[in-house]
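Comments concern the structure below.
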Amino acid sequence: MDKITESASPHRHLERMSVADLLKNINAEDRTVPLAVEKAIPAIEKLVTALAARVKEGGRLFYIGAGTSGRLGILDASECPPTYGVPPDLVIGLIAGGDGAIRRSVEHAEDDPAQAWLDLSQYHIDKQDFVVGIAASGTTPYVVGGLHDCQKNGVLTGCITCNPGSPLAAISDFPVEVIVGPEFVTGSTRMKAGTAQKLVLNMISTTLMIQLGRVQDNRMVDMQLSNAKLLDRGAKMVALETGLVYQEAMWLLRQHGSVRAAVHAFNQTG
């Protein structure tokens with residue numbers, strides 16, 4: 001298949017551009033990405049609706065990908081527990097080549113169509129779970145093979161890809177295609193395609209967590225209080241909700257360990 005993500009950049013002779021022109025042209029390309037994501041919102045809505053139903057019934061969300069796509073999935077998964085206080089095994093990111101591939105490329109890791117199911121099986125994946133395959137090209141064997149095996153085993157699937165009509169979309173129950181066009185540097189899909197994938201992942205996990213009740217009003221009431229900045233943020237949330245002064249709110253927060261628990265304790269005694 002012809003891949004838009006691999007087609008020639010409309011910008012020529014990049015080596016002759018000034019630094020200012022390079023930055024302006026990259027930025028001009030980047031501005032097209034949110035517009036492409038907007039066109040995919042109906043597909044993203046279908047994916048998140050199905051995903052939320054599975055997770056509410058006890059299922060988990062898995063991301064599988066290779067290279068940049070795999071790293072983005074792991075990034076999104078790793079930020080869910082500290083941001084929303086969910087268990088670390090609720091959202092799981094897997095990358096072709098294993099954890100070593102997070103920092104360094106693992107040669108040919110993405111070329112084995114059977115490996116993703118083996119990796120998923122380490123987590124005892126079952127029909128309650130939901131797997132999202134991430135691949136800019138939509139042809140990565142690790143991801144396509146993984147979703148194919150999920151289909152054979154009755155596991156619901158979605159995908160995020162940046163080429164239309166890809167094998168990955170064809171094998172997904174809920175495909176999301178974000179067509180961002182050629183990259184500024186031909187084939188460098190860590191740029192616009194990677195940005196699009198990150199935006200969609202933000203939308204998926206944030207909407208899921210809100211659907212799971214992990215946000216009240218517009219605040220992260222279950223965030224992990226793992227540093228001074230987050231303690232300060234949490235104390236201000238408690239003060240806003242309870243009317244307590246900052247020092248009293250901080251004491252209550254430290255006593256109960258989360259904004260939600262602190263506010264609940266105040267309401268119970270107040």
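Residue numbering restarts at 1 for every chain of the structure tokens, chains are lettered A, B, ... in their displayed order, and ligands are numbered from 1 as they appear.
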Contact residues around segment 153-170 of chain A with only C-alpha atoms at 6 Å, ignoring same-chain residues under 3 positions, as a CSV table (one decimal) with N, CA and C atoms, in the first residue's frame:
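Result file follows (result-v2.csv):
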chain,number,residue,atom,x,y,z
A,4,ILE,N,1.0,7.5,3.0
A,4,ILE,CA,1.1,9.0,3.1
A,4,ILE,C,2.2,9.4,4.0
A,127,LYS,N,-11.0,-11.7,27.7
A,127,LYS,CA,-12.0,-11.1,26.9
A,127,LYS,C,-12.6,-9.8,27.5
A,130,PHE,N,-9.1,-4.7,26.7
A,130,PHE,CA,-9.2,-3.9,25.4
A,130,PHE,C,-7.8,-3.5,25.0
A,131,VAL,N,-7.5,-3.7,23.8
A,131,VAL,CA,-6.1,-3.5,23.3
A,131,VAL,C,-6.2,-2.4,22.1
A,132,VAL,N,-5.3,-1.4,22.3
A,132,VAL,CA,-5.2,-0.4,21.3
A,132,VAL,C,-3.8,-0.5,20.6
A,133,GLY,N,-3.8,-0.8,19.3
A,133,GLY,CA,-2.5,-0.8,18.6
A,133,GLY,C,-2.2,0.5,18.0
A,134,ILE,N,-0.9,0.9,18.2
A,134,ILE,CA,-0.5,2.2,17.8
A,134,ILE,C,0.6,2.0,16.7
A,135,ALA,N,0.4,2.6,15.5
A,135,ALA,CA,1.4,2.4,14.4
A,135,ALA,C,1.1,3.5,13.4
A,136,ALA,N,2.0,4.4,13.2
A,136,ALA,CA,1.8,5.5,12.3
A,136,ALA,C,1.6,4.9,10.9
A,137,SER,N,2.3,3.9,10.5
A,137,SER,CA,2.2,3.4,9.2
A,137,SER,C,1.0,2.5,9.0
A,138,GLY,N,0.5,1.9,10.1
A,138,GLY,CA,-0.6,1.0,10.0
A,138,GLY,C,-0.2,-0.4,9.5
A,139,THR,N,1.1,-0.6,9.3
A,139,THR,CA,1.6,-1.9,8.8
A,139,THR,C,2.5,-2.6,9.7
A,144,VAL,N,0.0,-5.2,14.0
A,144,VAL,CA,-1.0,-5.9,13.2
A,144,VAL,C,-1.2,-7.3,13.6
A,150,CYS,N,-5.6,-10.9,18.9
A,150,CYS,CA,-6.7,-10.4,19.9
A,150,CYS,C,-8.0,-10.8,19.3
A,173,ASP,N,-11.4,-3.3,15.7
A,173,ASP,CA,-12.9,-3.1,15.9
A,173,ASP,C,-13.2,-1.6,15.9
A,174,PHE,N,-12.3,-0.8,16.4
A,174,PHE,CA,-12.5,0.6,16.5
A,174,PHE,C,-11.3,1.4,16.0
A,175,PRO,N,-11.2,1.5,14.7
A,175,PRO,CA,-10.0,2.1,14.1
A,175,PRO,C,-10.1,3.7,14.2
A,176,VAL,N,-9.0,4.3,14.5
A,176,VAL,CA,-8.8,5.7,14.5
A,176,VAL,C,-7.7,6.1,13.5
A,177,GLU,N,-8.1,6.8,12.4
A,177,GLU,CA,-7.2,7.2,11.4
A,177,GLU,C,-7.0,8.7,11.4
A,178,VAL,N,-5.8,9.2,11.8
A,178,VAL,CA,-5.5,10.6,11.8
A,178,VAL,C,-4.6,10.9,10.7
A,179,ILE,N,-5.1,11.5,9.6
A,179,ILE,CA,-4.3,11.6,8.4
A,179,ILE,C,-3.6,13.0,8.4
Looking only at helix (DSSP H, G or I) from DSSP on the backbone, list the matching residues of segment 2-238 of chain A as number ranges by chain.
A: 4-6, 14-16, 19-30, 33-39, 41-56, 67-84, 99-102, 109-111, 115-121, 141-152, 167-170, 192-211, 228-238
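Taking atom CA of Ser18 of chain A and atom CA of Gly187 of chain A as endpoints, the distance between them is 21.5 Å.
Nearest residue to Ser105 of chain A among A:Ile125, A:Phe266, A:Leu90, A:Arg71 is A:Arg71, counting only C-alpha atoms.
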Contacts of Ala262 of chain A at 12 Å (only C-alpha atoms; same-chain gap of 6+ positions) as number ranges by chain
A: 221-222, 234-242, 244, 248-256, 268-270
Please write the residues from the selection above to a file, keeping N, CA and C atoms, as an mmCIF file, in the first residue's frame.
data_model
loop_
_atom_site.group_PDB
_atom_site.id
_atom_site.type_symbol
_atom_site.label_atom_id
_atom_site.label_comp_id
_atom_site.auth_asym_id
_atom_site.auth_seq_id
_atom_site.Cartn_x
_atom_site.Cartn_y
_atom_site.Cartn_z
ATOM 1 N N VAL A 221 -8.754 14.647 41.755
ATOM 2 C CA VAL A 221 -8.941 14.459 43.195
ATOM 3 C C VAL A 221 -8.300 13.176 43.723
ATOM 4 N N ASP A 222 -7.837 12.304 42.841
ATOM 5 C CA ASP A 222 -7.208 11.059 43.272
ATOM 6 C C ASP A 222 -5.721 11.011 42.943
ATOM 7 N N GLY A 234 -2.775 19.887 45.907
ATOM 8 C CA GLY A 234 -3.841 19.187 46.610
ATOM 9 C C GLY A 234 -4.400 19.993 47.766
ATOM 10 N N ALA A 235 -3.510 20.641 48.529
ATOM 11 C CA ALA A 235 -3.966 21.451 49.663
ATOM 12 C C ALA A 235 -4.842 22.605 49.197
ATOM 13 N N LYS A 236 -4.478 23.198 48.080
ATOM 14 C CA LYS A 236 -5.289 24.292 47.542
ATOM 15 C C LYS A 236 -6.662 23.780 47.091
ATOM 16 N N MET A 237 -6.710 22.574 46.529
ATOM 17 C CA MET A 237 -7.998 21.981 46.153
ATOM 18 C C MET A 237 -8.864 21.758 47.389
ATOM 19 N N VAL A 238 -8.253 21.204 48.434
ATOM 20 C CA VAL A 238 -9.008 20.933 49.667
ATOM 21 C C VAL A 238 -9.508 22.232 50.269
ATOM 22 N N ALA A 239 -8.653 23.255 50.295
ATOM 23 C CA ALA A 239 -9.056 24.548 50.835
ATOM 24 C C ALA A 239 -10.230 25.125 50.046
ATOM 25 N N LEU A 240 -10.171 24.991 48.727
ATOM 26 C CA LEU A 240 -11.242 25.522 47.876
ATOM 27 C C LEU A 240 -12.563 24.803 48.135
ATOM 28 N N GLU A 241 -12.491 23.480 48.320
ATOM 29 C CA GLU A 241 -13.703 22.684 48.513
ATOM 30 C C GLU A 241 -14.300 22.824 49.909
ATOM 31 N N THR A 242 -13.451 23.064 50.909
ATOM 32 C CA THR A 242 -13.918 23.033 52.299
ATOM 33 C C THR A 242 -14.035 24.396 52.958
ATOM 34 N N LEU A 244 -11.466 25.736 54.328
ATOM 35 C CA LEU A 244 -10.395 25.774 55.318
ATOM 36 C C LEU A 244 -9.264 26.678 54.836
ATOM 37 N N GLU A 248 -4.627 24.385 57.413
ATOM 38 C CA GLU A 248 -5.570 23.362 57.869
ATOM 39 C C GLU A 248 -5.850 22.349 56.755
ATOM 40 N N ALA A 249 -5.973 22.853 55.530
ATOM 41 C CA ALA A 249 -6.216 21.965 54.390
ATOM 42 C C ALA A 249 -5.030 21.024 54.175
ATOM 43 N N MET A 250 -3.813 21.542 54.317
ATOM 44 C CA MET A 250 -2.630 20.711 54.163
ATOM 45 C C MET A 250 -2.587 19.627 55.241
ATOM 46 N N TRP A 251 -2.917 19.973 56.462
ATOM 47 C CA TRP A 251 -2.926 18.982 57.543
ATOM 48 C C TRP A 251 -3.947 17.886 57.236
ATOM 49 N N LEU A 252 -5.147 18.287 56.804
ATOM 50 C CA LEU A 252 -6.191 17.314 56.494
ATOM 51 C C LEU A 252 -5.767 16.416 55.332
ATOM 52 N N LEU A 253 -5.129 16.998 54.338
ATOM 53 C CA LEU A 253 -4.668 16.238 53.176
ATOM 54 C C LEU A 253 -3.618 15.204 53.588
ATOM 55 N N ARG A 254 -2.665 15.604 54.412
ATOM 56 C CA ARG A 254 -1.632 14.679 54.872
ATOM 57 C C ARG A 254 -2.235 13.556 55.714
ATOM 58 N N GLN A 255 -3.271 13.863 56.459
ATOM 59 C CA GLN A 255 -3.912 12.861 57.296
ATOM 60 C C GLN A 255 -4.613 11.785 56.476
ATOM 61 N N HIS A 256 -5.205 12.188 55.345
ATOM 62 C CA HIS A 256 -6.078 11.276 54.612
ATOM 63 C C HIS A 256 -5.513 10.815 53.263
ATOM 64 N N GLN A 268 -17.888 14.626 56.367
ATOM 65 C CA GLN A 268 -18.443 13.709 57.346
ATOM 66 C C GLN A 268 -18.473 14.302 58.744
ATOM 67 N N THR A 269 -17.450 15.105 59.052
ATOM 68 C CA THR A 269 -17.368 15.702 60.391
ATOM 69 C C THR A 269 -17.987 17.076 60.457
ATOM 70 N N GLY A 270 -18.179 17.691 59.294
ATOM 71 C CA GLY A 270 -18.688 19.055 59.277
ATOM 72 C C GLY A 270 -20.162 19.074 59.157
#
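Across the model, the gap from atom CA of Ile44 of chain A to atom CA of Met223 of chain A is 25.1 Å.
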Residues of segment 42-145 of chain A at most 12 Å from segment 34-38 of chain A: nearest atom pair and distance in Å, only C-alpha atoms, as JSON lines:
{"residue": "A:Pro42", "atom": "CA", "partner": "A:Glu38", "partner_atom": "CA", "distance": 8.6}
{"residue": "A:Ala43", "atom": "CA", "partner": "A:Glu38", "partner_atom": "CA", "distance": 10.1}
{"residue": "A:Ile44", "atom": "CA", "partner": "A:Val37", "partner_atom": "CA", "distance": 9.2}
{"residue": "A:Glu45", "atom": "CA", "partner": "A:Glu38", "partner_atom": "CA", "distance": 11.2}
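By only C-alpha atoms, and with residues fewer than 3 positions from Thr195 of chain A along its chain excluded, the set lying at most 10 Å from it is Asp30, Val33, Pro34, Val37, Leu72, Val180, Thr189, Arg190, Met191, Lys192, Lys198, Leu199, Val200 and Leu201 of chain A.
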Deliver the residues from the most recent selection as a file, using N, CA and C atoms, as a compact mmCIF listing (two decimals), in the first residue's frame.
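File part_3.txt, as written:
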# COMPACT_ATOMS: atom_id res chain seq x y z
N ASP A 30 3.14 21.52 12.06
CA ASP A 30 2.55 21.08 13.32
C ASP A 30 1.14 21.62 13.52
N VAL A 33 -1.88 19.42 12.62
CA VAL A 33 -2.16 18.17 13.31
C VAL A 33 -3.48 18.21 14.09
N PRO A 34 -3.75 19.24 14.91
CA PRO A 34 -5.02 19.24 15.64
C PRO A 34 -6.25 19.22 14.72
N VAL A 37 -6.76 15.64 13.84
CA VAL A 37 -7.34 14.93 14.99
C VAL A 37 -8.82 15.24 15.12
N LEU A 72 5.18 6.13 23.11
CA LEU A 72 4.06 7.02 23.44
C LEU A 72 2.99 6.28 24.24
N VAL A 180 -2.33 12.97 8.79
CA VAL A 180 -1.60 14.23 8.96
C VAL A 180 -0.76 14.58 7.74
N THR A 189 8.26 9.95 11.16
CA THR A 189 6.92 9.93 11.76
C THR A 189 6.90 10.20 13.26
N ARG A 190 8.07 10.44 13.86
CA ARG A 190 8.06 10.91 15.24
C ARG A 190 7.57 12.36 15.33
N MET A 191 7.42 13.01 14.17
CA MET A 191 7.05 14.42 14.14
C MET A 191 5.52 14.56 14.14
N LYS A 192 4.91 14.83 13.00
CA LYS A 192 3.45 15.06 12.99
C LYS A 192 2.66 13.82 13.40
N LYS A 198 0.04 11.23 20.20
CA LYS A 198 0.04 11.73 21.58
C LYS A 198 -1.26 12.44 21.90
N LEU A 199 -1.75 13.26 20.99
CA LEU A 199 -3.01 13.97 21.22
C LEU A 199 -4.17 13.00 21.39
N VAL A 200 -4.22 11.98 20.55
CA VAL A 200 -5.31 11.00 20.64
C VAL A 200 -5.19 10.20 21.93
N LEU A 201 -3.99 9.82 22.31
CA LEU A 201 -3.80 9.09 23.56
C LEU A 201 -4.24 9.94 24.75
Exercise: Asn25 of chain A partners within 12 Å, only C-alpha atoms, chain neighbours under 5 positions left out, as a PyMOL selection string
chain A and resi 9-12+14+17-20+30-32+183-185
Can I get the selection written as a CSV table (one decimal), in the first residue's frame, with N, CA and C atoms?
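What ended up in result-v1.csv:
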chain,number,residue,atom,x,y,z
A,9,SER,N,8.3,15.0,1.6
A,9,SER,CA,8.0,16.3,2.2
A,9,SER,C,7.7,17.3,1.1
A,10,PRO,N,6.8,18.2,1.3
A,10,PRO,CA,6.6,19.4,0.4
A,10,PRO,C,7.7,20.4,0.5
A,11,HIS,N,8.5,20.3,1.6
A,11,HIS,CA,9.6,21.2,1.8
A,11,HIS,C,10.9,20.6,1.2
A,12,ARG,N,11.6,21.4,0.4
A,12,ARG,CA,12.8,20.9,-0.3
A,12,ARG,C,14.1,21.6,0.3
A,14,LEU,N,16.1,21.3,2.8
A,14,LEU,CA,16.1,21.7,4.2
A,14,LEU,C,17.5,22.2,4.7
A,17,MET,N,18.0,25.9,4.5
A,17,MET,CA,17.2,26.9,5.2
A,17,MET,C,17.9,27.4,6.4
A,18,SER,N,17.6,28.7,6.8
A,18,SER,CA,18.1,29.2,8.0
A,18,SER,C,17.4,28.6,9.2
A,19,VAL,N,17.9,28.8,10.4
A,19,VAL,CA,17.3,28.2,11.6
A,19,VAL,C,15.9,28.8,11.8
A,20,ALA,N,15.7,30.0,11.5
A,20,ALA,CA,14.4,30.6,11.7
A,20,ALA,C,13.4,30.0,10.7
A,30,ASP,N,3.1,21.5,12.1
A,30,ASP,CA,2.5,21.1,13.3
A,30,ASP,C,1.1,21.6,13.5
A,31,ARG,N,0.9,22.8,13.0
A,31,ARG,CA,-0.5,23.4,13.2
A,31,ARG,C,-1.6,22.7,12.5
A,32,THR,N,-1.2,21.8,11.5
A,32,THR,CA,-2.2,21.0,10.8
A,32,THR,C,-2.6,19.8,11.6
A,183,GLU,N,5.6,14.2,6.3
A,183,GLU,CA,6.3,14.8,7.4
A,183,GLU,C,7.3,15.9,6.8
A,184,PHE,N,7.7,16.8,7.7
A,184,PHE,CA,8.6,17.9,7.3
A,184,PHE,C,9.9,17.3,6.8
A,185,VAL,N,10.4,16.3,7.6
A,185,VAL,CA,11.5,15.5,7.1
A,185,VAL,C,10.9,14.2,6.6
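Atom CA of Gly65 of chain A lies 20.0 Å from atom CA of Leu208 of chain A.
Summary of the local environment: counting only C-alpha atoms, residues at most 12 Å from Pro88 of chain A, other than itself and those fewer than 6 positions away along its chain, are Arg60, Leu61, Phe62, Ile74, Asp76, Ala77, Ser78, Glu79, Cys80, Pro81, Pro82 and Gln224 of chain A.
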